[in-house]
Structure formats: structure tokens, C-alpha cells
>>> print(open('upload.txt').read())   # compact mmCIF, C-alpha atoms
# COMPACT_ATOMS: atom_id res chain seq x y z
CA MET A 230 0.00 0.00 0.00
CA ASP A 231 1.18 3.50 -0.65
CA GLU A 232 1.46 6.12 2.10
CA PRO A 233 -1.86 8.02 1.64
CA VAL A 234 -3.85 4.78 1.59
CA GLU A 235 -2.14 3.58 4.78
CA GLN A 236 -2.76 6.95 6.44
CA PHE A 237 -6.44 6.88 5.53
CA ALA A 238 -6.77 3.27 6.68
CA ARG A 239 -5.32 4.27 10.07
CA LEU A 240 -7.68 7.26 10.21
CA TYR A 241 -10.62 4.95 9.57
CA ASP A 242 -9.52 2.44 12.21
CA GLU A 243 -9.00 5.17 14.81
CA HIS A 244 -12.22 7.10 14.22
CA VAL A 245 -14.92 4.86 12.78
CA TRP A 246 -16.52 4.22 16.17
CA THR A 247 -16.50 7.86 17.23
CA VAL A 248 -18.21 8.86 13.97
CA TYR A 249 -20.71 6.02 14.40
CA GLY A 250 -21.20 7.04 18.04
CA PHE A 251 -21.96 10.61 16.99
CA PHE A 252 -24.67 9.37 14.64
CA GLY A 253 -25.89 6.93 17.28
CA TYR A 254 -26.68 9.80 19.63
CA ARG A 255 -28.49 11.73 16.91
CA LEU A 256 -30.42 9.03 15.04
CA GLY A 257 -32.74 6.27 16.14
CA SER A 258 -31.93 3.89 13.32
CA ARG A 259 -28.91 1.65 13.18
CA GLU A 260 -29.11 1.55 9.39
CA ASP A 261 -29.10 5.35 9.14
CA ALA A 262 -26.14 5.58 11.55
CA GLU A 263 -24.23 2.96 9.54
CA ASP A 264 -25.07 4.59 6.20
CA LEU A 265 -24.06 8.06 7.33
CA THR A 266 -20.87 6.71 8.91
CA GLN A 267 -19.96 5.09 5.60
CA LEU A 268 -20.81 8.27 3.69
CA THR A 269 -18.67 10.32 6.09
CA PHE A 270 -15.63 8.22 5.25
CA GLU A 271 -16.42 8.26 1.54
CA ARG A 272 -16.47 12.06 1.59
CA ALA A 273 -13.34 12.15 3.75
CA LEU A 274 -11.52 9.91 1.29
CA LYS A 275 -12.48 12.18 -1.61
CA ALA A 276 -11.27 15.22 0.36
CA TRP A 277 -8.19 13.52 1.87
CA GLY A 278 -5.79 15.56 -0.25
CA ARG A 279 -7.24 18.77 1.20
CA PHE A 280 -7.05 17.68 4.87
CA ASP A 281 -4.85 20.09 6.82
CA PRO A 282 -3.80 18.82 10.28
CA GLU A 283 -2.71 22.37 11.14
CA ARG A 284 -6.34 23.55 11.00
CA ALA A 285 -7.99 20.70 12.95
CA GLY A 286 -7.33 17.23 14.24
CA ALA A 287 -8.47 14.31 12.13
CA GLY A 288 -11.31 13.43 14.50
CA THR A 289 -12.62 16.99 14.50
CA TRP A 290 -12.37 17.13 10.70
CA LEU A 291 -14.32 13.87 10.35
CA LEU A 292 -17.00 15.03 12.76
CA ALA A 293 -17.37 18.28 10.82
CA ILE A 294 -18.07 16.17 7.73
CA ALA A 295 -20.44 13.97 9.75
CA ARG A 296 -22.23 17.00 11.15
CA ASN A 297 -22.81 18.39 7.65
CA LEU A 298 -24.12 15.02 6.46
CA LEU A 299 -26.51 14.92 9.41
CA ILE A 300 -27.82 18.37 8.52
CA ASP A 301 -28.34 17.21 4.93
CA HIS A 302 -30.02 14.04 6.21
CA HIS A 303 -32.52 16.05 8.28
CA ARG A 304 -33.17 18.49 5.42
CA ALA A 305 -34.02 15.71 2.98
CA ASP A 306 -37.69 15.72 2.06
CA ARG A 307 -38.77 12.32 3.22
CA SER A 308 -42.29 12.78 1.89
CA GLU A 309 -41.06 12.28 -1.66
CA ARG A 310 -39.20 9.07 -0.90
CA LEU A 311 -40.81 5.85 -1.95
CA GLU A 312 -41.72 3.40 0.75
CA PRO A 313 -39.84 0.11 0.48
CA LEU A 314 -41.81 -2.85 -0.81
CA GLY A 315 -40.59 -4.95 2.07
CA ASP A 316 -37.45 -6.00 3.83
CA GLY A 317 -36.66 -8.59 1.16
CA LEU A 318 -36.60 -11.42 3.69
CA HIS A 319 -38.71 -14.48 3.18
CA PRO A 320 -39.79 -16.45 6.24
CA GLU A 321 -37.47 -19.32 5.32
CA HIS A 322 -34.54 -16.85 5.12
CA GLU A 323 -35.31 -15.01 8.33
CA PRO A 324 -32.29 -14.86 10.64
CA ALA A 325 -32.37 -16.91 13.82
CA GLY A 326 -33.91 -14.86 16.59
CA GLY A 327 -36.31 -12.88 14.41
CA MET A 328 -36.07 -9.86 12.18
CA PRO A 329 -32.89 -7.77 12.04
CA GLU A 330 -32.54 -5.09 14.66
CA THR A 331 -33.10 -1.62 13.26
CA VAL A 332 -32.89 0.51 16.37
CA LEU A 333 -29.71 1.37 18.18
CA GLY A 334 -30.81 -0.39 21.35
CA LEU A 335 -30.71 2.49 23.82
CA ASP A 336 -32.27 1.92 27.18
CA PRO A 337 -35.91 3.09 26.85
CA GLY A 338 -35.54 5.52 29.78
CA LEU A 339 -32.40 7.08 28.31
CA GLU A 340 -33.94 7.23 24.85
CA ALA A 341 -37.02 9.02 26.23
CA ALA A 342 -34.82 11.48 28.17
CA LEU A 343 -32.70 12.17 25.07
CA ASP A 344 -35.84 12.74 23.00
CA ARG A 345 -36.86 15.54 25.38
CA LEU A 346 -33.66 17.48 24.64
CA ASP A 347 -33.54 20.20 22.03
CA ASP A 348 -31.38 19.77 18.93
CA ARG A 349 -28.43 21.80 20.25
CA GLU A 350 -28.30 19.89 23.54
CA ARG A 351 -28.45 16.55 21.78
CA GLU A 352 -25.83 17.61 19.24
CA LEU A 353 -23.39 18.67 21.95
CA LEU A 354 -23.92 15.38 23.81
CA ALA A 355 -23.38 13.50 20.54
CA LEU A 356 -20.13 15.37 19.88
CA ARG A 357 -18.90 14.88 23.47
CA PHE A 358 -19.89 11.30 24.17
CA GLY A 359 -20.53 9.83 20.72
CA GLY A 360 -17.73 11.70 18.96
CA ASP A 361 -15.38 11.78 21.98
CA LEU A 362 -14.48 15.43 21.38
CA ASN A 363 -13.36 17.65 24.24
CA GLY A 364 -14.81 21.08 25.04
CA PRO A 365 -12.39 23.15 22.96
CA GLU A 366 -12.87 20.86 19.94
CA ILE A 367 -16.66 21.14 20.25
CA ALA A 368 -16.43 24.91 20.58
CA GLY A 369 -14.29 25.14 17.45
CA LEU A 370 -16.62 22.89 15.48
CA THR A 371 -19.88 24.56 16.50
CA GLY A 372 -18.76 28.19 16.76
CA LEU A 373 -19.86 28.38 20.40
CA THR A 374 -17.59 29.65 23.14
CA LEU A 375 -15.93 27.06 25.35
CA ALA A 376 -17.80 28.46 28.38
CA ASN A 377 -21.10 28.10 26.53
CA VAL A 378 -20.31 24.51 25.49
CA GLN A 379 -19.40 23.61 29.07
CA GLN A 380 -22.52 25.29 30.46
CA ILE A 381 -24.85 23.59 27.99
CA LEU A 382 -23.26 20.17 28.58
CA SER A 383 -23.38 20.59 32.34
CA ARG A 384 -27.01 21.74 32.34
CA THR A 385 -28.01 19.00 29.90
CA LEU A 386 -26.33 16.25 31.93
CA ARG A 387 -28.03 17.51 35.12
CA ARG A 388 -31.37 17.49 33.32
CA LEU A 389 -30.79 13.98 31.98
CA ARG A 390 -29.77 12.74 35.41
CA HIS A 391 -32.90 14.29 36.94
CA ASP A 392 -35.14 12.76 34.26
CA LEU A 393 -33.53 9.35 34.69
CA GLU A 394 -33.73 9.44 38.48
CA ALA A 395 -37.38 10.49 38.26
CA GLY A 396 -38.00 7.40 36.15
CA ALA A 397 -36.14 5.16 38.64
CA ASN A 398 -39.44 4.06 40.16
CA GLU A 399 -40.25 2.27 36.92
CA PRO A 400 -39.08 -1.36 36.47
CA GLU A 401 -36.40 -0.48 33.89
CA THR A 402 -33.99 2.33 34.76
CA ALA A 403 -31.37 3.93 32.59
CA VAL A 404 -27.77 4.70 33.38
CA LEU A 405 -25.89 7.62 31.89
CA PRO A 406 -22.97 6.57 29.73
CA ALA A 407 -19.55 6.87 31.29
CA GLU A 408 -17.58 9.77 29.92
CA PRO A 409 -15.22 8.37 27.29
CA GLY A 410 -11.56 8.97 27.91
CA ALA A 411 -12.21 10.20 31.46
CA GLY A 412 -9.08 11.82 32.78
CA ARG A 413 -7.48 11.79 29.35
CA ARG A 414 -8.75 15.15 28.09
CA PRO A 415 -9.69 18.44 29.75
>>> encode(input="upload.txt", output="C-alpha cells")
Amino acid sequence: MDEPVEQFARLYDEHVWTVYGFFGYRLGSREDAEDLTQLTFERALKAWGRFDPERAGAGTWLLAIARNLLIDHHRADRSERLEPLGDGLHPEHEPAGGMPETVLGLDPGLEAALDRLDDRERELLALRFGGDLNGPEIAGLTGLTLANVQQILSRTLRRLRHDLEAGANEPETAVLPAEPGAGRRP
């Protein structure tokens, strides 16, 4: 393999799960998260020659591409899309254990709490926990000040914790995800 291909392969290996995690926090469908993750890397590969590590780290650059794809995804007029004729599976070809899973599998309590957040709160959580970006990286990507990013994240996490603790009386309770890379980044 030549050098650029090896570099891009390493980039993919290092960041595929953070890109997928970002989409996982923003979308309810595993297929959509997988498709947009793939499209993010396709676009990154096409733009690889223009990547400038002096301007942003590779993870931040990839999440900027992912963020733009997510905006495009939400802007798409779904009313004009044709409904699929079916999943293409015949009963004799159905996988063991039933139909394929299409949702990301979040705890129902956590999913309900996340659904109550506004778009900006959910995006910042997705960048922090799904994309594993730190505060300064999120601020640079979103155009918000670092203090604003920290305040929104702090307020949002408190609200999530409150919502989840309020639902603790129900049989199934949710647990907030552990902060990735705790102690590794500011």
C-alpha cells in the first residue's frame, strides 16, 4: 500500500466508532447511523488531499463532515421518498432470533430522556460522548464559546440525570454513559 492509503486506513480504524457514536446519539436507526458513517468516510476519502492537520485534528475534521451530512439528512424531504416494498426477507430466510434489529438499542428511559432534549443539547452530547471530542474541539466545530459549550453540557447532563432518576421508580432504569476517555482530556 502506498502512504496516503495507509494513512487513511489508520484514520478509519482510529475514528470509525467515534463517527458512528456521533450518529448513534443523533439518530434512532442503526441503518441510518451505519449509512451516514460510511458516507462520512467516503467524503473524507475524496477530500483527503485537502485535509490540513494544522487547521484541525483528524477526529474533528471527520465530525465536521459527519455533522454536515446529518444536517443534509434532516433536510431531505422524506415525503417524496418511496416506501420500500418490504425487507426482502422471506420467512425461510429469516435470521435466527427474528427480524434484524433496526434501532440502536438504547435503554428506553435514556432514549425518552434524550428525546426531550432540544437539537443543540443533543448535538453537543453527541459530539462529546458519541464523537469523543473535548470542550475546545466542540467549541471550534460549533462556533460556540468554550464556556457556553461547558454550560450547555453541564445543564443537559443535570437534566438527563434528573429525568432518569425520576424514572427510577419504573421497572427499567437507565444509566448515563460513562464519559469516554475520562481523565485523558480536559
>>> residues_around(input="upload.txt", residues="A:Phe270", least_positions_apart="5", cutoff="9 Å", atoms="only C-alpha atoms", output="ChimeraX atom specification")
/A:241,245,265,275,291,294-295
>>> closest_residue(input="upload.txt", among="A:Arg384, A:Val234, A:Leu353, A:Ile300", to="A:Gly372", atoms="all atoms listed in the file")
A:Leu353
>>> atom_distance(input="upload.txt", atom1="atom CA of A:Ala368", atom2="atom CA of A:Leu298")
18.9 Å
>>> residues_around(input="upload.txt", residues="A:Thr269", least_positions_apart="4", cutoff="12 Å", atoms="all atoms listed in the file", output="PyMOL selection string")
chain A and resi 241+244-249+251-252+261-265+273-277+288+290-299+301-302
>>> write_last_selection(input="upload.txt", atoms="C-alpha atoms", output="PDB file, in the frame of the given file")
ATOM      1  CA  TYR A 241     -10.620   4.950   9.570  1.00  0.00           C
ATOM      2  CA  HIS A 244     -12.220   7.100  14.220  1.00  0.00           C
ATOM      3  CA  VAL A 245     -14.920   4.860  12.780  1.00  0.00           C
ATOM      4  CA  TRP A 246     -16.520   4.220  16.170  1.00  0.00           C
ATOM      5  CA  THR A 247     -16.500   7.860  17.230  1.00  0.00           C
ATOM      6  CA  VAL A 248     -18.210   8.860  13.970  1.00  0.00           C
ATOM      7  CA  TYR A 249     -20.710   6.020  14.400  1.00  0.00           C
ATOM      8  CA  PHE A 251     -21.960  10.610  16.990  1.00  0.00           C
ATOM      9  CA  PHE A 252     -24.670   9.370  14.640  1.00  0.00           C
ATOM     10  CA  ASP A 261     -29.100   5.350   9.140  1.00  0.00           C
ATOM     11  CA  ALA A 262     -26.140   5.580  11.550  1.00  0.00           C
ATOM     12  CA  GLU A 263     -24.230   2.960   9.540  1.00  0.00           C
ATOM     13  CA  ASP A 264     -25.070   4.590   6.200  1.00  0.00           C
ATOM     14  CA  LEU A 265     -24.060   8.060   7.330  1.00  0.00           C
ATOM     15  CA  ALA A 273     -13.340  12.150   3.750  1.00  0.00           C
ATOM     16  CA  LEU A 274     -11.520   9.910   1.290  1.00  0.00           C
ATOM     17  CA  LYS A 275     -12.480  12.180  -1.610  1.00  0.00           C
ATOM     18  CA  ALA A 276     -11.270  15.220   0.360  1.00  0.00           C
ATOM     19  CA  TRP A 277      -8.190  13.520   1.870  1.00  0.00           C
ATOM     20  CA  GLY A 288     -11.310  13.430  14.500  1.00  0.00           C
ATOM     21  CA  TRP A 290     -12.370  17.130  10.700  1.00  0.00           C
ATOM     22  CA  LEU A 291     -14.320  13.870  10.350  1.00  0.00           C
ATOM     23  CA  LEU A 292     -17.000  15.030  12.760  1.00  0.00           C
ATOM     24  CA  ALA A 293     -17.370  18.280  10.820  1.00  0.00           C
ATOM     25  CA  ILE A 294     -18.070  16.170   7.730  1.00  0.00           C
ATOM     26  CA  ALA A 295     -20.440  13.970   9.750  1.00  0.00           C
ATOM     27  CA  ARG A 296     -22.230  17.000  11.150  1.00  0.00           C
ATOM     28  CA  ASN A 297     -22.810  18.390   7.650  1.00  0.00           C
ATOM     29  CA  LEU A 298     -24.120  15.020   6.460  1.00  0.00           C
ATOM     30  CA  LEU A 299     -26.510  14.920   9.410  1.00  0.00           C
ATOM     31  CA  ASP A 301     -28.340  17.210   4.930  1.00  0.00           C
ATOM     32  CA  HIS A 302     -30.020  14.040   6.210  1.00  0.00           C
TER      33      HIS A 302
END
>>> atom_distance(input="upload.txt", atom1="atom CA of A:Asp348", atom2="atom CA of A:Thr371")
12.7 Å
>>> closest_residue(input="upload.txt", among="A:Ile367, A:Ala355, A:Ala238, A:Ala395", to="A:Leu343", atoms="all atoms listed in the file")
A:Ala355
>>> axis_aligned_box(input="upload.txt", around="stretch 368-382 of chain A", padding_each_side="8 Å", output="lines of an AutoDock Vina configuration file")
center_x = -19.6
center_y = 24.9
center_z = 23.0
size_x = 26.6
size_y = 25.5
size_z = 31.0
>>> atom_distance(input="upload.txt", atom1="atom CA of A:Ser258", atom2="atom CA of A:His303")
13.2 Å
